[in-house]
$ cat run34.txt   # compact mmCIF, C-alpha atoms
# COMPACT_ATOMS: atom_id res chain seq x y z
CA MET N 10 -15.96 -145.12 -46.18
CA THR N 11 -16.81 -142.61 -43.43
CA ARG N 12 -14.44 -144.34 -41.06
CA LEU N 13 -11.57 -144.10 -43.56
CA ARG N 14 -12.24 -140.39 -44.03
CA LEU N 15 -12.18 -139.83 -40.26
CA LEU N 16 -8.93 -141.76 -39.99
CA SER N 17 -7.43 -139.71 -42.84
CA LEU N 18 -8.40 -136.47 -41.13
CA ALA N 19 -6.94 -137.78 -37.90
CA VAL N 20 -3.63 -138.48 -39.65
CA PHE N 21 -3.52 -134.92 -41.05
CA ALA N 22 -4.33 -133.51 -37.62
CA ALA N 23 -1.50 -135.49 -36.10
CA VAL N 24 0.92 -134.17 -38.74
CA ALA N 25 -0.22 -130.60 -38.11
CA LEU N 26 0.06 -130.91 -34.32
CA SER N 27 3.45 -132.56 -34.43
CA GLY N 28 4.99 -129.50 -36.15
CA CYS N 29 8.75 -129.70 -35.92
CA GLY N 30 8.68 -132.17 -33.03
CA ASP N 31 10.08 -135.70 -33.12
CA ASP N 32 6.94 -137.53 -31.90
CA PRO N 33 6.10 -140.24 -34.49
CA VAL N 34 2.63 -140.82 -35.84
CA VAL N 35 2.87 -144.55 -35.04
CA PRO N 36 4.97 -146.34 -32.39
CA VAL N 37 8.76 -146.12 -32.56
CA THR N 38 9.02 -149.70 -33.72
CA ALA N 39 6.61 -151.09 -36.27
CA PRO N 40 6.31 -154.35 -38.22
CA PRO N 41 7.23 -154.41 -41.93
CA VAL N 42 4.64 -152.73 -44.08
CA ALA N 43 2.44 -154.95 -46.21
CA PHE N 44 2.04 -152.47 -49.08
CA GLU N 45 4.39 -151.78 -51.99
CA THR N 46 6.92 -148.97 -51.68
CA LEU N 47 9.36 -147.23 -53.99
CA VAL N 48 12.58 -145.32 -53.41
CA VAL N 49 12.70 -141.74 -54.61
CA GLU N 50 15.75 -141.17 -56.83
CA ALA N 51 17.24 -138.03 -58.32
CA ARG N 52 17.67 -138.24 -62.07
CA ASP N 53 19.31 -136.02 -64.64
CA SER N 54 16.60 -134.36 -66.71
CA ALA N 55 16.06 -131.27 -68.77
CA ARG N 56 15.47 -127.97 -67.05
CA GLU N 57 12.49 -126.38 -68.78
CA ARG N 58 10.60 -123.13 -69.10
CA ARG N 59 6.96 -123.22 -70.16
CA TRP N 60 4.77 -120.73 -71.98
CA ASP N 61 1.41 -120.80 -73.73
CA GLY N 62 1.55 -120.99 -77.51
CA VAL N 63 -1.04 -120.65 -80.26
CA VAL N 64 -1.67 -123.56 -82.64
CA GLU N 65 -1.41 -122.79 -86.34
CA ALA N 66 -1.81 -124.90 -89.47
CA VAL N 67 1.28 -125.18 -91.66
CA ASN N 68 -0.80 -125.60 -94.82
CA GLN N 69 -3.55 -123.01 -95.14
CA ALA N 70 -4.57 -121.21 -98.30
CA THR N 71 -7.22 -119.19 -100.08
CA LEU N 72 -8.00 -120.46 -103.59
CA SER N 73 -8.64 -117.75 -106.20
CA ALA N 74 -10.21 -117.78 -109.65
CA GLN N 75 -7.84 -118.08 -112.63
CA THR N 76 -10.50 -117.49 -115.26
CA ALA N 77 -13.72 -115.55 -115.60
CA GLY N 78 -17.06 -117.28 -115.24
CA ARG N 79 -20.16 -117.82 -113.13
CA VAL N 80 -20.16 -120.11 -110.09
CA LEU N 81 -22.06 -123.25 -110.99
CA ALA N 82 -21.53 -125.43 -107.89
CA LEU N 83 -20.01 -125.34 -104.40
CA PRO N 84 -20.03 -128.99 -103.31
CA PHE N 85 -18.69 -128.32 -99.79
CA ASP N 86 -19.73 -125.98 -96.99
CA VAL N 87 -17.73 -124.43 -94.17
CA ASN N 88 -16.32 -127.00 -91.67
CA ASP N 89 -16.63 -129.84 -94.21
CA TYR N 90 -13.66 -132.18 -94.59
CA VAL N 91 -12.28 -132.24 -98.13
CA GLU N 92 -9.95 -134.85 -99.59
CA ALA N 93 -7.04 -133.76 -101.77
CA GLY N 94 -8.16 -133.46 -105.41
CA GLN N 95 -11.87 -133.12 -104.71
CA VAL N 96 -13.77 -130.36 -106.52
CA VAL N 97 -14.55 -127.41 -104.24
CA VAL N 98 -15.77 -124.88 -106.88
CA ARG N 99 -17.10 -125.39 -110.38
CA PHE N 100 -17.73 -122.59 -112.96
CA THR N 101 -19.76 -122.48 -116.13
CA ASP N 102 -17.39 -123.27 -119.04
CA VAL N 103 -19.29 -122.27 -122.18
CA GLU N 104 -16.87 -119.53 -123.19
CA GLN N 105 -13.80 -121.58 -122.33
CA VAL N 106 -14.97 -124.65 -124.28
CA SER N 107 -15.83 -122.46 -127.30
CA ALA N 108 -12.36 -120.94 -127.18
CA GLN N 109 -10.84 -124.41 -127.02
CA ARG N 110 -12.78 -125.48 -130.14
CA ARG N 111 -11.67 -122.35 -132.01
CA ALA N 112 -8.10 -123.07 -131.03
CA SER N 113 -8.43 -126.67 -132.27
CA ALA N 114 -9.82 -125.43 -135.58
CA GLY N 115 -6.91 -123.01 -135.82
CA VAL N 116 -4.48 -125.88 -135.41
CA SER N 117 -6.14 -127.77 -138.28
CA ALA N 118 -5.87 -124.72 -140.54
CA ALA N 119 -2.27 -124.12 -139.53
CA GLN N 120 -1.40 -127.76 -140.24
CA ALA N 121 -2.87 -127.52 -143.73
CA ALA N 122 -1.00 -124.27 -144.41
CA ALA N 123 2.25 -125.77 -143.13
CA ALA N 124 1.84 -128.86 -145.31
CA GLU N 125 1.17 -126.71 -148.37
CA ALA N 126 4.19 -124.51 -147.61
CA GLU N 127 6.38 -127.61 -147.18
CA THR N 128 5.25 -129.03 -150.51
CA ASP N 129 5.80 -125.69 -152.26
CA TYR N 130 9.29 -125.44 -150.79
CA LYS N 131 10.27 -128.92 -152.01
CA ARG N 132 8.90 -128.22 -155.51
CA THR N 133 10.75 -124.92 -155.65
CA GLU N 134 13.96 -126.61 -154.45
CA GLU N 135 13.76 -129.13 -157.31
CA LEU N 136 13.17 -126.44 -159.91
CA VAL N 137 16.05 -124.35 -158.63
CA ALA N 138 18.31 -127.44 -158.72
CA LYS N 139 17.40 -127.85 -162.42
CA GLN N 140 18.09 -124.11 -162.89
CA LEU N 141 14.50 -123.53 -163.97
CA LEU N 142 13.89 -120.93 -161.25
CA ALA N 143 16.01 -118.22 -159.72
CA ARG N 144 17.69 -118.75 -156.35
CA ALA N 145 15.53 -116.00 -154.86
CA SER N 146 12.41 -118.12 -155.41
CA LEU N 147 13.87 -120.80 -153.13
CA ASP N 148 14.56 -118.24 -150.43
CA GLN N 149 10.97 -117.01 -150.61
CA ALA N 150 9.60 -120.57 -150.43
CA ARG N 151 11.80 -121.32 -147.43
CA ALA N 152 10.53 -118.19 -145.64
CA ARG N 153 6.90 -119.17 -146.31
CA ARG N 154 7.59 -122.70 -145.00
CA ASP N 155 9.24 -121.38 -141.81
CA ALA N 156 6.39 -118.92 -141.23
CA ALA N 157 3.83 -121.71 -141.64
CA ARG N 158 5.71 -123.89 -139.14
CA ALA N 159 5.79 -121.03 -136.61
CA ALA N 160 2.07 -120.42 -137.12
CA LEU N 161 1.41 -124.11 -136.44
CA GLU N 162 3.39 -124.00 -133.18
CA ALA N 163 1.48 -120.87 -132.12
CA ALA N 164 -1.83 -122.59 -132.88
CA ARG N 165 -0.82 -125.60 -130.81
CA ALA N 166 0.15 -123.31 -127.94
CA GLY N 167 -3.26 -121.68 -128.26
CA VAL N 168 -4.91 -125.08 -127.85
CA SER N 169 -2.88 -125.74 -124.71
CA GLU N 170 -3.82 -122.34 -123.28
CA ALA N 171 -7.48 -122.85 -124.10
CA GLY N 172 -7.35 -126.26 -122.43
CA GLU N 173 -5.92 -124.67 -119.27
CA GLN N 174 -8.75 -122.14 -119.25
CA VAL N 175 -11.22 -125.03 -119.35
CA ASP N 176 -9.37 -126.72 -116.48
CA TYR N 177 -9.52 -123.47 -114.49
CA THR N 178 -13.31 -123.75 -114.41
CA VAL N 179 -12.92 -126.65 -111.96
CA ILE N 180 -11.17 -125.80 -108.68
CA ARG N 181 -9.77 -128.77 -106.73
CA ALA N 182 -8.41 -129.00 -103.18
CA PRO N 183 -4.59 -128.95 -103.18
CA TYR N 184 -4.47 -131.05 -100.00
CA SER N 185 -6.83 -132.75 -97.56
CA GLY N 186 -8.25 -130.49 -94.87
CA ILE N 187 -11.12 -128.42 -93.53
CA LEU N 188 -12.96 -125.76 -95.51
CA THR N 189 -12.87 -122.65 -93.34
CA ALA N 190 -14.60 -120.02 -95.52
CA ARG N 191 -16.59 -119.54 -98.73
CA HIS N 192 -16.08 -116.15 -100.36
CA VAL N 193 -18.59 -116.64 -103.22
CA GLU N 194 -22.01 -118.19 -103.67
CA VAL N 195 -23.63 -120.14 -106.49
CA GLY N 196 -24.65 -117.84 -109.35
CA GLU N 197 -22.06 -115.13 -108.71
CA ALA N 198 -19.87 -113.96 -111.56
CA VAL N 199 -16.16 -114.09 -110.76
CA ARG N 200 -13.06 -112.64 -112.36
CA PRO N 201 -9.45 -113.81 -112.32
CA GLY N 202 -7.81 -113.24 -108.94
CA GLN N 203 -11.05 -113.16 -106.95
CA PRO N 204 -10.94 -115.28 -103.71
CA LEU N 205 -13.23 -118.31 -103.80
CA VAL N 206 -12.74 -120.55 -100.74
CA SER N 207 -10.27 -120.87 -97.86
CA GLY N 208 -9.12 -124.01 -96.08
CA LEU N 209 -6.41 -125.55 -93.95
CA SER N 210 -4.88 -128.94 -93.30
CA LEU N 211 -4.81 -130.56 -89.85
CA ASP N 212 -2.05 -132.99 -90.84
CA ARG N 213 0.80 -130.58 -90.11
CA LEU N 214 0.58 -128.14 -87.20
CA ARG N 215 2.98 -125.70 -85.54
CA ILE N 216 2.95 -123.60 -82.38
CA ASN N 217 3.78 -119.90 -82.20
CA VAL N 218 5.12 -118.83 -78.80
CA GLU N 219 6.15 -115.40 -77.48
CA VAL N 220 9.32 -115.85 -75.37
CA PRO N 221 11.01 -113.20 -73.17
CA GLN N 222 14.39 -112.09 -74.41
CA SER N 223 16.05 -113.26 -71.16
CA ASP N 224 15.43 -116.91 -72.14
CA ILE N 225 16.04 -116.74 -75.86
CA ALA N 226 19.79 -117.50 -75.69
CA ALA N 227 19.22 -120.80 -73.85
CA ILE N 228 16.45 -121.78 -76.26
CA ARG N 229 18.70 -121.07 -79.24
CA GLN N 230 21.50 -123.10 -77.64
CA HIS N 231 19.49 -126.26 -76.97
CA GLY N 232 16.89 -126.05 -79.75
CA ALA N 233 14.57 -128.56 -78.09
CA ALA N 234 10.92 -128.25 -77.08
CA ALA N 235 7.83 -130.33 -76.41
CA VAL N 236 4.11 -129.65 -76.50
CA LEU N 237 2.06 -130.73 -73.48
CA LEU N 238 -1.32 -131.93 -74.69
CA PRO N 239 -4.49 -131.53 -72.59
CA ASP N 240 -4.78 -135.32 -72.23
CA GLY N 241 -1.35 -135.50 -70.56
CA ARG N 242 0.63 -136.65 -73.58
CA ARG N 243 3.91 -135.00 -74.47
CA ILE N 244 4.85 -134.48 -78.14
CA ASP N 245 8.48 -133.63 -78.91
CA ALA N 246 8.98 -130.86 -81.45
CA GLU N 247 10.34 -131.73 -84.86
CA ARG N 248 12.06 -128.36 -85.16
CA VAL N 249 12.41 -125.15 -83.14
CA ILE N 250 12.80 -121.89 -85.09
CA VAL N 251 13.70 -118.68 -83.25
CA PHE N 252 12.86 -115.56 -85.23
CA PRO N 253 15.88 -113.24 -85.59
CA TYR N 254 14.15 -110.13 -84.24
CA ALA N 255 12.18 -109.05 -81.18
CA ASP N 256 8.88 -107.21 -80.92
CA PRO N 257 9.81 -103.57 -80.21
CA ALA N 258 6.74 -103.14 -77.98
CA THR N 259 7.03 -106.26 -75.80
CA HIS N 260 10.75 -107.05 -76.36
CA SER N 261 9.80 -110.71 -76.74
CA PHE N 262 10.89 -113.09 -79.49
CA LYS N 263 8.60 -115.20 -81.60
CA VAL N 264 9.51 -118.89 -81.54
CA ARG N 265 7.94 -121.38 -83.93
CA VAL N 266 7.66 -125.02 -82.81
CA GLU N 267 6.99 -127.44 -85.66
CA LEU N 268 5.23 -130.68 -84.74
CA PRO N 269 5.52 -134.09 -86.43
CA GLU N 270 2.56 -135.62 -88.20
CA ALA N 271 0.60 -137.13 -85.32
CA ASP N 272 -2.92 -137.32 -83.92
CA THR N 273 -2.63 -134.56 -81.32
CA GLY N 274 -6.27 -133.50 -81.08
CA LEU N 275 -5.15 -129.87 -81.44
CA GLN N 276 -7.04 -127.38 -83.58
CA PRO N 277 -5.71 -124.15 -85.14
CA GLY N 278 -6.34 -121.20 -82.85
CA MET N 279 -6.10 -123.22 -79.62
CA THR N 280 -3.60 -122.40 -76.89
CA VAL N 281 -1.32 -125.13 -75.57
CA LYS N 282 1.53 -125.35 -73.07
CA THR N 283 4.95 -125.54 -74.70
CA ALA N 284 8.06 -126.57 -72.74
CA PHE N 285 11.49 -125.39 -73.91
CA LYS N 286 14.73 -126.96 -72.74
CA THR N 287 16.99 -124.38 -71.08
CA GLY N 288 19.58 -126.64 -69.42
CA GLU N 289 20.17 -129.77 -67.35
CA ALA N 290 19.26 -130.46 -63.70
CA ARG N 291 18.89 -133.30 -61.18
CA GLN N 292 15.24 -133.59 -60.23
CA LEU N 293 13.02 -135.80 -58.11
CA TRP N 294 10.00 -137.40 -59.77
CA VAL N 295 7.22 -139.50 -58.27
CA PRO N 296 4.25 -141.28 -59.86
CA ARG N 297 0.93 -139.47 -59.82
CA SER N 298 -0.62 -142.55 -58.25
CA ALA N 299 1.52 -142.07 -55.11
CA LEU N 300 0.09 -138.62 -54.36
CA VAL N 301 -2.63 -137.88 -51.82
CA THR N 302 -4.70 -134.72 -52.28
CA ARG N 303 -6.90 -133.34 -49.54
CA SER N 304 -8.32 -129.88 -50.10
CA GLU N 305 -5.27 -127.70 -50.92
CA VAL N 306 -2.71 -130.11 -49.44
CA THR N 307 -0.74 -132.60 -51.54
CA ALA N 308 1.27 -135.27 -49.72
CA VAL N 309 2.78 -138.73 -49.87
CA TYR N 310 3.05 -141.55 -47.34
CA VAL N 311 6.70 -141.86 -46.29
CA VAL N 312 8.09 -145.05 -44.75
CA ASP N 313 11.27 -144.56 -42.67
CA ALA N 314 14.01 -147.04 -41.81
CA ARG N 315 11.98 -148.39 -38.84
CA ASN N 316 8.93 -148.98 -41.03
CA ARG N 317 7.08 -146.05 -39.46
CA VAL N 318 4.51 -144.55 -41.84
CA ALA N 319 3.88 -140.82 -41.88
CA LEU N 320 2.10 -138.44 -44.18
CA ARG N 321 4.37 -135.73 -45.54
CA GLN N 322 3.33 -132.66 -47.51
CA VAL N 323 5.15 -132.04 -50.79
CA ARG N 324 5.39 -129.14 -53.22
CA LEU N 325 5.06 -130.14 -56.83
CA GLY N 326 6.47 -128.77 -60.05
CA HIS N 327 5.87 -129.75 -63.64
CA ALA N 328 4.05 -132.89 -64.71
CA ASP N 329 5.27 -135.23 -67.43
CA GLY N 330 2.74 -137.90 -68.31
CA ASP N 331 2.21 -140.10 -65.22
CA ARG N 332 5.15 -138.51 -63.36
CA VAL N 333 5.25 -135.31 -61.31
CA GLU N 334 8.30 -133.30 -60.29
CA VAL N 335 8.78 -132.80 -56.52
CA LEU N 336 10.29 -129.44 -55.61
CA ALA N 337 10.20 -129.76 -51.80
CA GLY N 338 9.22 -132.26 -49.12
CA LEU N 339 11.25 -135.28 -50.26
CA SER N 340 14.91 -136.15 -50.62
CA ALA N 341 16.72 -138.69 -52.74
CA GLY N 342 16.57 -142.09 -51.01
CA ASP N 343 13.23 -141.53 -49.26
CA ARG N 344 10.86 -144.50 -49.38
CA ILE N 345 7.23 -143.77 -50.16
CA ALA N 346 4.07 -145.82 -50.56
CA SER N 347 3.17 -146.68 -54.14
CA ASP N 348 -0.51 -147.00 -53.21
CA PRO N 349 -1.74 -144.35 -50.74
CA VAL N 350 -4.99 -146.26 -50.15
CA ALA N 351 -3.04 -149.30 -48.95
CA ALA N 352 -0.89 -147.05 -46.74
CA LEU N 353 -4.02 -145.49 -45.21
CA ALA N 354 -5.42 -148.96 -44.54
CA HIS N 355 -2.15 -149.88 -42.85
CA LEU N 356 -2.40 -146.85 -40.55
CA ALA N 357 -6.03 -147.65 -39.79
CA ALA N 358 -5.12 -151.23 -38.83
CA ALA N 359 -2.31 -149.99 -36.62
CA GLY N 360 -4.70 -147.58 -34.91
CA VAL N 361 -7.16 -150.39 -34.18
CA ARG N 362 -4.48 -152.59 -32.58
CA ASP N 363 -3.21 -149.71 -30.44
CA ASP N 364 -6.72 -148.95 -29.25
CA GLY N 365 -7.40 -152.54 -28.51

$ encode --input "run34.txt" --output "structure tokens"
Amino acid sequence: MTRLRLLSLAVFAAVALSGCGDDPVVPVTAPPVAFETLVVEARDSARERRWDGVVEAVNQATLSAQTAGRVLALPFDVNDYVEAGQVVVRFTDVEQVSAQRRASAGVSAAQAAAAEAETDYKRTEELVAKQLLARASLDQARARRDAARAALEAARAGVSEAGEQVDYTVIRAPYSGILTARHVEVGEAVRPGQPLVSGLSLDRLRINVEVPQSDIAAIRQHGAAAVLLPDGRRIDAERVIVFPYADPATHSFKVRVELPEADTGLQPGMTVKTAFKTGEARQLWVPRSALVTRSEVTAVYVVDARNRVALRQVRLGHADGDRVEVLAGLSAGDRIASDPVAALAHLAAAGVRDDG
């Protein structure tokens, strides 16, 4: 291993000493290389600008009380995962259940009164038909029947309302997610409108990015973006929304990047690189595996038409998965080593034969 390191340093020293001269690192003629090579090609790809964005949950809410009561149970704590429909807060329901029973009793009374009014109306209608009662008596009986029917409908509505008040004593999660805050504790009395718990869903995320006004026209035109994850993956945006106004202090526009439902590993509040398409360009890309890094120098092994192998420094741009953009140091058509270790071994073998 020490010998390979010395040989690598010797190759870098030879490149540095050669400068702009034409002296090759290896002899003018060389046998075909035994390692795999690839030809660098220029390809049409998107020209991009990148900025840091802040991750935000699409679904996040604070649940509030819709009835008065005392907190009986808080089954989940902060940072717990909650499935949709699970109970997150439970109140005492003595008053609500009592009101529901009173409303049910009111319905029974209203039904009896409505039945009696219906019977009285039919009896009065028969008597009026036989001209045993005045027409006004029928009108009065009809009014009493209609009033009893309305009272029955009101009583039934009261039962429905009382049932909702009972349901309000049990607070359920509207969607699956993480509980982020508890605003009450067990035993506290709450009133309608008082915040109870807060939570958010990790299923749908979006990125908020501040973009300079000089780039906003191109972003609006193309409407395409991608999020570059820390593990090297690239997630294309589902939608790009440019806000129609700029911040008067920074003169930057807020751009919202909506992500598809996917396992990204992102958490709300994190920062992440976001790439926006601003045009088209022909760019050179090479595999990461072909790069050699020594200290602050990045290079590749180039093989020329005479099979001579030389180390050439390159300047890199953006990375996209296992590919890296080359800004300077290579041209379209150049042949480089796919495996730099094999190329180094080739140079070491050539050095041994020359010395021998």

$ residues_around --input "run34.txt" --residues "N:Arg132" --least-positions-apart "6" --cutoff "10 Å" --atoms "all atoms listed in the file" --output "PyMOL selection string"
chain N and resi 126+138+147+150

$ atom_distance --input "run34.txt" --atom1 "atom CA of N:Val218" --atom2 "atom CA of N:Phe252"
10.6 Å

$ axis_aligned_box --input "run34.txt" --around "stretch 224-240 of chain N" --padding-each-side "6 Å" --output "lines of an AutoDock Vina configuration file"
center_x = 8.4
center_y = -126.0
center_z = -75.9
size_x = 38.3
size_y = 30.6
size_z = 19.6

$ residues_around --input "run34.txt" --residues "stretch 197-203 of chain N" --least-positions-apart "4" --cutoff "7 Å" --atoms "all atoms listed in the file" --output "PyMOL selection string"
chain N and resi 73-80+193

$ write_last_selection --input "run34.txt" --atoms "C-alpha atoms" --output "JSON list (two decimals), in the coordinates of the input"
[["chain", "number", "residue", "atom", "x", "y", "z"],
["N", 73, "SER", "CA", -8.64, -117.75, -106.20],
["N", 74, "ALA", "CA", -10.21, -117.78, -109.65],
["N", 75, "GLN", "CA", -7.84, -118.08, -112.63],
["N", 76, "THR", "CA", -10.50, -117.49, -115.26],
["N", 77, "ALA", "CA", -13.72, -115.55, -115.60],
["N", 78, "GLY", "CA", -17.06, -117.28, -115.24],
["N", 79, "ARG", "CA", -20.16, -117.82, -113.13],
["N", 80, "VAL", "CA", -20.16, -120.11, -110.09],
["N", 193, "VAL", "CA", -18.59, -116.64, -103.22]]

$ atom_distance --input "run34.txt" --atom1 "atom CA of N:Asp329" --atom2 "atom CA of N:Ala271"
18.6 Å

$ residues_near_point --input "run34.txt" --point "(-9.1, -122.1, -102.4)" --cutoff "9 Å" --atoms "only C-alpha atoms" --output "list of chain:residue names"
N:Ala70, N:Thr71, N:Leu72, N:Ser73, N:Ala74, N:Val97, N:Val98, N:Ile180, N:Arg181, N:Ala182, N:Pro183, N:Leu188, N:Arg191, N:Pro204, N:Leu205, N:Val206, N:Ser207, N:Gly208

$ write_last_selection --input "run34.txt" --atoms "C-alpha atoms" --output "short mmCIF file (atom, residue, chain, number, x, y, z; two decimals), in the coordinates of the input"
data_model
loop_
_atom_site.label_atom_id
_atom_site.label_comp_id
_atom_site.auth_asym_id
_atom_site.auth_seq_id
_atom_site.Cartn_x
_atom_site.Cartn_y
_atom_site.Cartn_z
CA ALA N 70 -4.57 -121.21 -98.30
CA THR N 71 -7.22 -119.19 -100.08
CA LEU N 72 -8.00 -120.46 -103.59
CA SER N 73 -8.64 -117.75 -106.20
CA ALA N 74 -10.21 -117.78 -109.65
CA VAL N 97 -14.55 -127.41 -104.24
CA VAL N 98 -15.77 -124.88 -106.88
CA ILE N 180 -11.17 -125.80 -108.68
CA ARG N 181 -9.77 -128.77 -106.73
CA ALA N 182 -8.41 -129.00 -103.18
CA PRO N 183 -4.59 -128.95 -103.18
CA LEU N 188 -12.96 -125.76 -95.51
CA ARG N 191 -16.59 -119.54 -98.73
CA PRO N 204 -10.94 -115.28 -103.71
CA LEU N 205 -13.23 -118.31 -103.80
CA VAL N 206 -12.74 -120.55 -100.74
CA SER N 207 -10.27 -120.87 -97.86
CA GLY N 208 -9.12 -124.01 -96.08
#

$ atom_distance --input "run34.txt" --atom1 "atom CA of N:Val106" --atom2 "atom CA of N:Tyr177"
11.3 Å

$ closest_residue --input "run34.txt" --among "N:Asp343, N:His327, N:Leu211, N:Val168" --to "N:Ala114" --atoms "all atoms listed in the file"
N:Val168

$ closest_residue --input "run34.txt" --among "N:Arg332, N:Lys286, N:Arg248, N:Arg344" --to "N:Val318" --atoms "all atoms listed in the file"
N:Arg344

$ build_atoms --input "run34.txt" --residues "stretch 93-100 of chain N" --atoms "all heavy atoms" --output "PDB file, in the coordinates of the input"
ATOM      1  N   ALA N  93      -7.874-134.374-100.729  1.00  0.00           N
ATOM      2  CA  ALA N  93      -7.040-133.760-101.770  1.00  0.00           C
ATOM      3  C   ALA N  93      -7.545-134.177-103.145  1.00  0.00           C
ATOM      4  O   ALA N  93      -7.812-135.351-103.411  1.00  0.00           O
ATOM      5  CB  ALA N  93      -5.587-134.184-101.587  1.00  0.00           C
ATOM      6  N   GLY N  94      -7.705-133.188-104.048  1.00  0.00           N
ATOM      7  CA  GLY N  94      -8.160-133.460-105.410  1.00  0.00           C
ATOM      8  C   GLY N  94      -9.654-133.347-105.605  1.00  0.00           C
ATOM      9  O   GLY N  94     -10.121-133.335-106.764  1.00  0.00           O
ATOM     10  N   GLN N  95     -10.429-133.248-104.537  1.00  0.00           N
ATOM     11  CA  GLN N  95     -11.870-133.120-104.710  1.00  0.00           C
ATOM     12  C   GLN N  95     -12.234-131.710-105.193  1.00  0.00           C
ATOM     13  O   GLN N  95     -11.560-130.727-104.871  1.00  0.00           O
ATOM     14  CB  GLN N  95     -12.597-133.416-103.395  1.00  0.00           C
ATOM     15  CG  GLN N  95     -12.649-134.886-103.026  1.00  0.00           C
ATOM     16  CD  GLN N  95     -13.544-135.166-101.841  1.00  0.00           C
ATOM     17  OE1 GLN N  95     -13.350-134.610-100.764  1.00  0.00           O
ATOM     18  NE2 GLN N  95     -14.539-136.028-102.028  1.00  0.00           N
ATOM     19  N   VAL N  96     -13.324-131.634-105.961  1.00  0.00           N
ATOM     20  CA  VAL N  96     -13.770-130.360-106.520  1.00  0.00           C
ATOM     21  C   VAL N  96     -14.431-129.531-105.421  1.00  0.00           C
ATOM     22  O   VAL N  96     -15.342-130.003-104.736  1.00  0.00           O
ATOM     23  CB  VAL N  96     -14.758-130.582-107.679  1.00  0.00           C
ATOM     24  CG1 VAL N  96     -15.276-129.250-108.203  1.00  0.00           C
ATOM     25  CG2 VAL N  96     -14.086-131.370-108.797  1.00  0.00           C
ATOM     26  N   VAL N  97     -13.966-128.292-105.245  1.00  0.00           N
ATOM     27  CA  VAL N  97     -14.550-127.410-104.240  1.00  0.00           C
ATOM     28  C   VAL N  97     -15.337-126.265-104.884  1.00  0.00           C
ATOM     29  O   VAL N  97     -16.233-125.701-104.251  1.00  0.00           O
ATOM     30  CB  VAL N  97     -13.457-126.841-103.309  1.00  0.00           C
ATOM     31  CG1 VAL N  97     -12.879-127.936-102.439  1.00  0.00           C
ATOM     32  CG2 VAL N  97     -12.348-126.149-104.097  1.00  0.00           C
ATOM     33  N   VAL N  98     -15.013-125.910-106.140  1.00  0.00           N
ATOM     34  CA  VAL N  98     -15.770-124.880-106.880  1.00  0.00           C
ATOM     35  C   VAL N  98     -15.809-125.299-108.342  1.00  0.00           C
ATOM     36  O   VAL N  98     -14.811-125.776-108.893  1.00  0.00           O
ATOM     37  CB  VAL N  98     -15.114-123.483-106.762  1.00  0.00           C
ATOM     38  CG1 VAL N  98     -16.005-122.441-107.445  1.00  0.00           C
ATOM     39  CG2 VAL N  98     -14.863-123.100-105.312  1.00  0.00           C
ATOM     40  N   ARG N  99     -16.965-125.101-108.954  1.00  0.00           N
ATOM     41  CA  ARG N  99     -17.100-125.390-110.380  1.00  0.00           C
ATOM     42  C   ARG N  99     -17.765-124.179-111.051  1.00  0.00           C
ATOM     43  O   ARG N  99     -18.784-123.680-110.570  1.00  0.00           O
ATOM     44  CB  ARG N  99     -17.926-126.651-110.618  1.00  0.00           C
ATOM     45  CG  ARG N  99     -17.918-127.134-112.072  1.00  0.00           C
ATOM     46  CD  ARG N  99     -18.855-128.337-112.242  1.00  0.00           C
ATOM     47  NE  ARG N  99     -18.415-129.471-111.441  1.00  0.00           N
ATOM     48  CZ  ARG N  99     -17.505-130.356-111.838  1.00  0.00           C
ATOM     49  NH1 ARG N  99     -16.938-130.234-113.033  1.00  0.00           N
ATOM     50  NH2 ARG N  99     -17.173-131.360-111.053  1.00  0.00           N
ATOM     51  N   PHE N 100     -17.179-123.717-112.188  1.00  0.00           N
ATOM     52  CA  PHE N 100     -17.730-122.590-112.960  1.00  0.00           C
ATOM     53  C   PHE N 100     -18.459-123.098-114.190  1.00  0.00           C
ATOM     54  O   PHE N 100     -18.273-124.234-114.635  1.00  0.00           O
ATOM     55  CB  PHE N 100     -16.603-121.658-113.449  1.00  0.00           C
ATOM     56  CG  PHE N 100     -15.787-121.023-112.357  1.00  0.00           C
ATOM     57  CD1 PHE N 100     -14.504-120.578-112.612  1.00  0.00           C
ATOM     58  CD2 PHE N 100     -16.293-120.865-111.076  1.00  0.00           C
ATOM     59  CE1 PHE N 100     -13.747-119.992-111.626  1.00  0.00           C
ATOM     60  CE2 PHE N 100     -15.549-120.280-110.078  1.00  0.00           C
ATOM     61  CZ  PHE N 100     -14.265-119.841-110.353  1.00  0.00           C
TER      62      PHE N 100
END
